[in-house]
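**Student:** Sharing a structure with you now.
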Amino acid sequence: MVLHSRKKKKQNKKTKSSCVFGKGHYPGGSGRFRDQDQVHDDMKMPDLFKPGKLPMDEDLPGMGQFYCIACARFFKDAEVLKGHERSKLHKKKLKKAKEEPHTQRDAEVDAGAESRRELLSLGRLTLPHRLARVLLVEQIYRAHEIHRG
């Protein structure tokens, strides 16, 4: 009995010559990818990222002059950048970049930790939990009695 094995088709692995440096790198950056809140802030000042305003860098495609803010990518020329701006990926990232980014406070509120951040002080005393409850109830009772007259 002869076993035949199928040959796998080679995947078409195209390299993008339009964006040699990859996504995420940005002007003045340390080679780290841009976070969504940073991209959102960059969207507020698009004039800073126009060709001619960016510093020339021979290591980047197009000498670092053709930059997509929403995707944080450099392109080799204006034509390739214009084609990128019509892509589905760019439109999706642009929509996400225009949204208001989440903050640490939003995360705490969603996790229910916001109520833990509100502290109640009983002075400079350090009390056991049960005794602190009794003291708090007593203070509330006194305040109620004073308010009632």
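Here's how to read the names in the structure tokens: chain A, B, ... by the order shown, residue numbers from 1 in each chain, ligand numbers from 1 in the order shown.
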Which polymer residues have any atom within 12 Å of an atom of segment 84-89 of chain A, counting only C-alpha atoms, with same-chain residues fewer than 3 positions away left out, as a PyMOL selection string?
**Tutor:** chain A and resi 16+18-19+66-71+73-81+92-96
**Student:** Using DSSP on the backbone, list every residue of segment 55-141 of chain A that comes out as strand (DSSP E or B), and give them as a tab-separated table (two decimals) with N, CA, C and O atoms, in the first residue's frame.
**Tutor:**
chain	number	residue	atom	x	y	z
A	66	PHE	N	6.19	61.05	4.41
A	66	PHE	CA	4.81	60.67	4.12
A	66	PHE	C	4.33	59.76	5.24
A	66	PHE	O	4.60	58.57	5.27
A	67	TYR	N	3.59	60.36	6.17
A	67	TYR	CA	3.21	59.69	7.41
A	67	TYR	C	1.70	59.66	7.56
A	67	TYR	O	1.02	60.66	7.37
A	68	CYS	N	1.18	58.49	7.90
A	68	CYS	CA	-0.25	58.34	8.19
A	68	CYS	C	-0.40	58.39	9.71
A	68	CYS	O	0.11	57.52	10.42
A	73	ARG	N	2.26	55.05	10.40
A	73	ARG	CA	3.12	54.40	9.41
A	73	ARG	C	3.69	55.43	8.44
A	73	ARG	O	3.04	56.42	8.13
A	74	PHE	N	4.89	55.13	7.95
A	74	PHE	CA	5.52	55.95	6.93
A	74	PHE	C	5.37	55.27	5.57
A	74	PHE	O	5.39	54.04	5.49
A	75	PHE	N	5.28	56.08	4.51
A	75	PHE	CA	5.14	55.54	3.16
A	75	PHE	C	6.19	56.17	2.26
A	75	PHE	O	6.73	57.23	2.55
**Student:** Would you compute the distance between atom CA of Asp41 of chain A and atom CA of Glu108 of chain A? Give it in Å to one decimal.
**Tutor:** 22.3 Å
**Student:** Could you give me the residues within segment 45-118 of chain A that DSSP places in helix (DSSP H, G or I), as a PDB file with N, CA, C and O atoms, in the first residue's frame?
**Tutor:**
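Everything below was put into out.pdb:
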ATOM      1  N   PRO A  46      -2.743  67.815  12.970  1.00  0.00           N
ATOM      2  CA  PRO A  46      -2.302  67.163  11.727  1.00  0.00           C
ATOM      3  C   PRO A  46      -1.274  67.971  10.941  1.00  0.00           C
ATOM      4  O   PRO A  46      -0.526  67.398  10.146  1.00  0.00           O
ATOM      5  N   ASP A  47      -1.205  69.280  11.170  1.00  0.00           N
ATOM      6  CA  ASP A  47      -0.244  70.111  10.424  1.00  0.00           C
ATOM      7  C   ASP A  47       1.209  69.757  10.751  1.00  0.00           C
ATOM      8  O   ASP A  47       2.100  69.993   9.936  1.00  0.00           O
ATOM      9  N   LEU A  48       1.443  69.191  11.923  1.00  0.00           N
ATOM     10  CA  LEU A  48       2.799  68.833  12.313  1.00  0.00           C
ATOM     11  C   LEU A  48       3.341  67.630  11.540  1.00  0.00           C
ATOM     12  O   LEU A  48       4.544  67.381  11.549  1.00  0.00           O
ATOM     13  N   PHE A  49       2.454  66.878  10.876  1.00  0.00           N
ATOM     14  CA  PHE A  49       2.855  65.648  10.220  1.00  0.00           C
ATOM     15  C   PHE A  49       2.780  65.725   8.696  1.00  0.00           C
ATOM     16  O   PHE A  49       2.803  64.705   8.024  1.00  0.00           O
ATOM     17  N   PRO A  61      10.990  55.066   4.978  1.00  0.00           N
ATOM     18  CA  PRO A  61      10.507  55.165   3.601  1.00  0.00           C
ATOM     19  C   PRO A  61      10.160  56.604   3.255  1.00  0.00           C
ATOM     20  O   PRO A  61       9.596  57.325   4.079  1.00  0.00           O
ATOM     21  N   GLY A  62      10.500  57.024   2.048  1.00  0.00           N
ATOM     22  CA  GLY A  62      10.189  58.383   1.602  1.00  0.00           C
ATOM     23  C   GLY A  62      10.889  59.444   2.422  1.00  0.00           C
ATOM     24  O   GLY A  62      10.365  60.546   2.562  1.00  0.00           O
ATOM     25  N   MET A  63      12.032  59.102   2.983  1.00  0.00           N
ATOM     26  CA  MET A  63      12.813  60.017   3.829  1.00  0.00           C
ATOM     27  C   MET A  63      12.002  60.493   5.038  1.00  0.00           C
ATOM     28  O   MET A  63      12.260  61.545   5.597  1.00  0.00           O
ATOM     29  N   GLY A  64      10.993  59.725   5.450  1.00  0.00           N
ATOM     30  CA  GLY A  64      10.198  60.063   6.624  1.00  0.00           C
ATOM     31  C   GLY A  64       9.237  61.213   6.415  1.00  0.00           C
ATOM     32  O   GLY A  64       8.841  61.857   7.378  1.00  0.00           O
ATOM     33  N   ALA A  78       3.733  60.093  -1.909  1.00  0.00           N
ATOM     34  CA  ALA A  78       2.367  60.593  -1.682  1.00  0.00           C
ATOM     35  C   ALA A  78       1.326  59.700  -2.342  1.00  0.00           C
ATOM     36  O   ALA A  78       0.222  59.540  -1.822  1.00  0.00           O
ATOM     37  N   GLU A  79       1.669  59.112  -3.485  1.00  0.00           N
ATOM     38  CA  GLU A  79       0.717  58.263  -4.204  1.00  0.00           C
ATOM     39  C   GLU A  79       0.389  57.004  -3.393  1.00  0.00           C
ATOM     40  O   GLU A  79      -0.773  56.607  -3.294  1.00  0.00           O
ATOM     41  N   VAL A  80       1.407  56.397  -2.803  1.00  0.00           N
ATOM     42  CA  VAL A  80       1.191  55.198  -1.991  1.00  0.00           C
ATOM     43  C   VAL A  80       0.395  55.560  -0.737  1.00  0.00           C
ATOM     44  O   VAL A  80      -0.505  54.820  -0.322  1.00  0.00           O
ATOM     45  N   LEU A  81       0.689  56.705  -0.142  1.00  0.00           N
ATOM     46  CA  LEU A  81      -0.061  57.168   1.029  1.00  0.00           C
ATOM     47  C   LEU A  81      -1.525  57.398   0.679  1.00  0.00           C
ATOM     48  O   LEU A  81      -2.417  57.006   1.419  1.00  0.00           O
ATOM     49  N   LYS A  82      -1.778  58.001  -0.477  1.00  0.00           N
ATOM     50  CA  LYS A  82      -3.155  58.248  -0.914  1.00  0.00           C
ATOM     51  C   LYS A  82      -3.904  56.927  -1.133  1.00  0.00           C
ATOM     52  O   LYS A  82      -5.069  56.794  -0.772  1.00  0.00           O
ATOM     53  N   GLY A  83      -3.218  55.929  -1.702  1.00  0.00           N
ATOM     54  CA  GLY A  83      -3.828  54.608  -1.870  1.00  0.00           C
ATOM     55  C   GLY A  83      -4.114  53.951  -0.530  1.00  0.00           C
ATOM     56  O   GLY A  83      -5.144  53.297  -0.351  1.00  0.00           O
ATOM     57  N   HIS A  84      -3.211  54.131   0.425  1.00  0.00           N
ATOM     58  CA  HIS A  84      -3.413  53.585   1.767  1.00  0.00           C
ATOM     59  C   HIS A  84      -4.635  54.208   2.430  1.00  0.00           C
ATOM     60  O   HIS A  84      -5.393  53.526   3.120  1.00  0.00           O
ATOM     61  N   GLU A  85      -4.825  55.515   2.217  1.00  0.00           N
ATOM     62  CA  GLU A  85      -5.954  56.208   2.847  1.00  0.00           C
ATOM     63  C   GLU A  85      -7.300  55.726   2.332  1.00  0.00           C
ATOM     64  O   GLU A  85      -8.320  55.954   2.965  1.00  0.00           O
ATOM     65  N   LYS A  88      -9.395  49.722   3.668  1.00  0.00           N
ATOM     66  CA  LYS A  88     -10.329  49.405   4.734  1.00  0.00           C
ATOM     67  C   LYS A  88      -9.641  49.492   6.109  1.00  0.00           C
ATOM     68  O   LYS A  88     -10.222  49.978   7.075  1.00  0.00           O
ATOM     69  N   LEU A  89      -8.411  49.011   6.178  1.00  0.00           N
ATOM     70  CA  LEU A  89      -7.660  49.042   7.429  1.00  0.00           C
ATOM     71  C   LEU A  89      -7.469  50.476   7.917  1.00  0.00           C
ATOM     72  O   LEU A  89      -7.650  50.775   9.102  1.00  0.00           O
ATOM     73  N   HIS A  90      -7.115  51.375   7.006  1.00  0.00           N
ATOM     74  CA  HIS A  90      -6.906  52.777   7.381  1.00  0.00           C
ATOM     75  C   HIS A  90      -8.208  53.385   7.904  1.00  0.00           C
ATOM     76  O   HIS A  90      -8.211  54.079   8.925  1.00  0.00           O
ATOM     77  N   LYS A  91      -9.303  53.119   7.219  1.00  0.00           N
ATOM     78  CA  LYS A  91     -10.592  53.694   7.640  1.00  0.00           C
ATOM     79  C   LYS A  91     -10.986  53.192   9.026  1.00  0.00           C
ATOM     80  O   LYS A  91     -11.524  53.940   9.840  1.00  0.00           O
ATOM     81  N   LYS A  92     -10.697  51.920   9.305  1.00  0.00           N
ATOM     82  CA  LYS A  92     -11.016  51.346  10.609  1.00  0.00           C
ATOM     83  C   LYS A  92     -10.163  52.000  11.707  1.00  0.00           C
ATOM     84  O   LYS A  92     -10.671  52.383  12.758  1.00  0.00           O
ATOM     85  N   LYS A  93      -8.870  52.155  11.438  1.00  0.00           N
ATOM     86  CA  LYS A  93      -7.985  52.773  12.429  1.00  0.00           C
ATOM     87  C   LYS A  93      -8.304  54.256  12.611  1.00  0.00           C
ATOM     88  O   LYS A  93      -8.193  54.784  13.714  1.00  0.00           O
ATOM     89  N   LEU A  94      -8.696  54.931  11.540  1.00  0.00           N
ATOM     90  CA  LEU A  94      -9.059  56.346  11.617  1.00  0.00           C
ATOM     91  C   LEU A  94     -10.290  56.529  12.508  1.00  0.00           C
ATOM     92  O   LEU A  94     -10.341  57.425  13.349  1.00  0.00           O
ATOM     93  N   LYS A  95     -11.260  55.645  12.346  1.00  0.00           N
ATOM     94  CA  LYS A  95     -12.478  55.705  13.157  1.00  0.00           C
ATOM     95  C   LYS A  95     -12.138  55.489  14.634  1.00  0.00           C
ATOM     96  O   LYS A  95     -12.627  56.203  15.508  1.00  0.00           O
ATOM     97  N   LYS A  96     -11.252  54.522  14.899  1.00  0.00           N
ATOM     98  CA  LYS A  96     -10.861  54.235  16.272  1.00  0.00           C
ATOM     99  C   LYS A  96     -10.049  55.383  16.869  1.00  0.00           C
ATOM    100  O   LYS A  96     -10.186  55.706  18.045  1.00  0.00           O
ATOM    101  N   ALA A  97      -9.211  56.018  16.058  1.00  0.00           N
ATOM    102  CA  ALA A  97      -8.370  57.116  16.546  1.00  0.00           C
ATOM    103  C   ALA A  97      -9.198  58.350  16.884  1.00  0.00           C
ATOM    104  O   ALA A  97      -8.807  59.147  17.743  1.00  0.00           O
ATOM    105  N   LYS A  98     -10.337  58.525  16.239  1.00  0.00           N
ATOM    106  CA  LYS A  98     -11.178  59.687  16.507  1.00  0.00           C
ATOM    107  C   LYS A  98     -11.992  59.540  17.792  1.00  0.00           C
ATOM    108  O   LYS A  98     -12.452  60.525  18.348  1.00  0.00           O
ATOM    109  N   GLN A 104      -7.627  55.893  33.034  1.00  0.00           N
ATOM    110  CA  GLN A 104      -7.513  55.015  34.199  1.00  0.00           C
ATOM    111  C   GLN A 104      -8.775  55.103  35.047  1.00  0.00           C
ATOM    112  O   GLN A 104      -9.249  54.111  35.567  1.00  0.00           O
ATOM    113  N   ARG A 105      -9.351  56.293  35.140  1.00  0.00           N
ATOM    114  CA  ARG A 105     -10.581  56.465  35.927  1.00  0.00           C
ATOM    115  C   ARG A 105     -11.722  55.654  35.322  1.00  0.00           C
ATOM    116  O   ARG A 105     -12.500  55.045  36.055  1.00  0.00           O
ATOM    117  N   ASP A 106     -11.826  55.623  33.980  1.00  0.00           N
ATOM    118  CA  ASP A 106     -12.859  54.816  33.321  1.00  0.00           C
ATOM    119  C   ASP A 106     -12.712  53.344  33.694  1.00  0.00           C
ATOM    120  O   ASP A 106     -13.699  52.655  33.961  1.00  0.00           O
ATOM    121  N   ALA A 107     -11.482  52.869  33.712  1.00  0.00           N
ATOM    122  CA  ALA A 107     -11.227  51.471  34.049  1.00  0.00           C
ATOM    123  C   ALA A 107     -11.612  51.170  35.496  1.00  0.00           C
ATOM    124  O   ALA A 107     -12.193  50.120  35.795  1.00  0.00           O
ATOM    125  N   GLU A 108     -11.307  52.103  36.397  1.00  0.00           N
ATOM    126  CA  GLU A 108     -11.650  51.904  37.792  1.00  0.00           C
ATOM    127  C   GLU A 108     -13.150  51.913  38.014  1.00  0.00           C
ATOM    128  O   GLU A 108     -13.675  51.127  38.801  1.00  0.00           O
ATOM    129  N   VAL A 109     -13.852  52.798  37.329  1.00  0.00           N
ATOM    130  CA  VAL A 109     -15.312  52.852  37.459  1.00  0.00           C
ATOM    131  C   VAL A 109     -15.929  51.566  36.927  1.00  0.00           C
ATOM    132  O   VAL A 109     -16.821  50.983  37.552  1.00  0.00           O
ATOM    133  N   ASP A 110     -15.441  51.075  35.796  1.00  0.00           N
ATOM    134  CA  ASP A 110     -15.969  49.843  35.210  1.00  0.00           C
ATOM    135  C   ASP A 110     -15.703  48.640  36.109  1.00  0.00           C
ATOM    136  O   ASP A 110     -16.496  47.710  36.169  1.00  0.00           O
ATOM    137  N   ALA A 111     -14.580  48.649  36.801  1.00  0.00           N
ATOM    138  CA  ALA A 111     -14.227  47.530  37.672  1.00  0.00           C
ATOM    139  C   ALA A 111     -14.888  47.640  39.047  1.00  0.00           C
ATOM    140  O   ALA A 111     -14.783  46.724  39.852  1.00  0.00           O
ATOM    141  N   GLU A 114     -14.087  52.442  41.956  1.00  0.00           N
ATOM    142  CA  GLU A 114     -14.270  53.875  42.231  1.00  0.00           C
ATOM    143  C   GLU A 114     -14.744  54.087  43.665  1.00  0.00           C
ATOM    144  O   GLU A 114     -14.322  55.012  44.329  1.00  0.00           O
ATOM    145  N   SER A 115     -15.630  53.204  44.139  1.00  0.00           N
ATOM    146  CA  SER A 115     -16.146  53.389  45.490  1.00  0.00           C
ATOM    147  C   SER A 115     -15.049  53.166  46.529  1.00  0.00           C
ATOM    148  O   SER A 115     -15.086  53.717  47.610  1.00  0.00           O
ATOM    149  N   ARG A 116     -14.034  52.362  46.208  1.00  0.00           N
ATOM    150  CA  ARG A 116     -12.936  52.130  47.132  1.00  0.00           C
ATOM    151  C   ARG A 116     -12.023  53.341  47.245  1.00  0.00           C
ATOM    152  O   ARG A 116     -11.278  53.462  48.186  1.00  0.00           O
ATOM    153  N   ARG A 117     -12.055  54.222  46.262  1.00  0.00           N
ATOM    154  CA  ARG A 117     -11.178  55.388  46.284  1.00  0.00           C
ATOM    155  C   ARG A 117     -11.723  56.483  47.201  1.00  0.00           C
ATOM    156  O   ARG A 117     -10.998  57.380  47.589  1.00  0.00           O
TER     157      ARG A 117
END
**Student:** Which residues are near Leu136 of chain A? Cut-off 10 Å, only C-alpha atoms, ignore same chain within fewer than 4 positions. Put them as a compact mmCIF listing (two decimals) with N, CA and C atoms, in the first residue's frame.
**Tutor:**
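Now in result.txt:
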# COMPACT_ATOMS: atom_id res chain seq x y z
N LEU A 120 -13.13 57.50 54.03
CA LEU A 120 -13.83 58.10 55.16
C LEU A 120 -12.82 58.16 56.30
N SER A 121 -12.56 59.33 56.80
CA SER A 121 -11.56 59.49 57.84
C SER A 121 -12.24 59.62 59.19
N LEU A 122 -11.75 58.88 60.16
CA LEU A 122 -12.22 58.99 61.54
C LEU A 122 -11.15 59.64 62.39
N ARG A 130 -14.27 46.49 63.65
CA ARG A 130 -15.54 46.52 64.39
C ARG A 130 -15.68 47.79 65.23
N LEU A 131 -14.61 48.19 65.85
CA LEU A 131 -14.64 49.40 66.67
C LEU A 131 -14.86 50.64 65.79
N ALA A 132 -14.28 50.65 64.62
CA ALA A 132 -14.48 51.76 63.68
C ALA A 132 -15.94 51.85 63.27
N ILE A 140 -22.74 59.25 63.48
CA ILE A 140 -23.94 59.50 62.66
C ILE A 140 -25.14 59.78 63.56
N TYR A 141 -25.28 59.01 64.66
CA TYR A 141 -26.37 59.23 65.60
C TYR A 141 -26.29 60.63 66.21
N ARG A 142 -25.08 61.03 66.63
CA ARG A 142 -24.92 62.36 67.22
C ARG A 142 -25.27 63.46 66.22
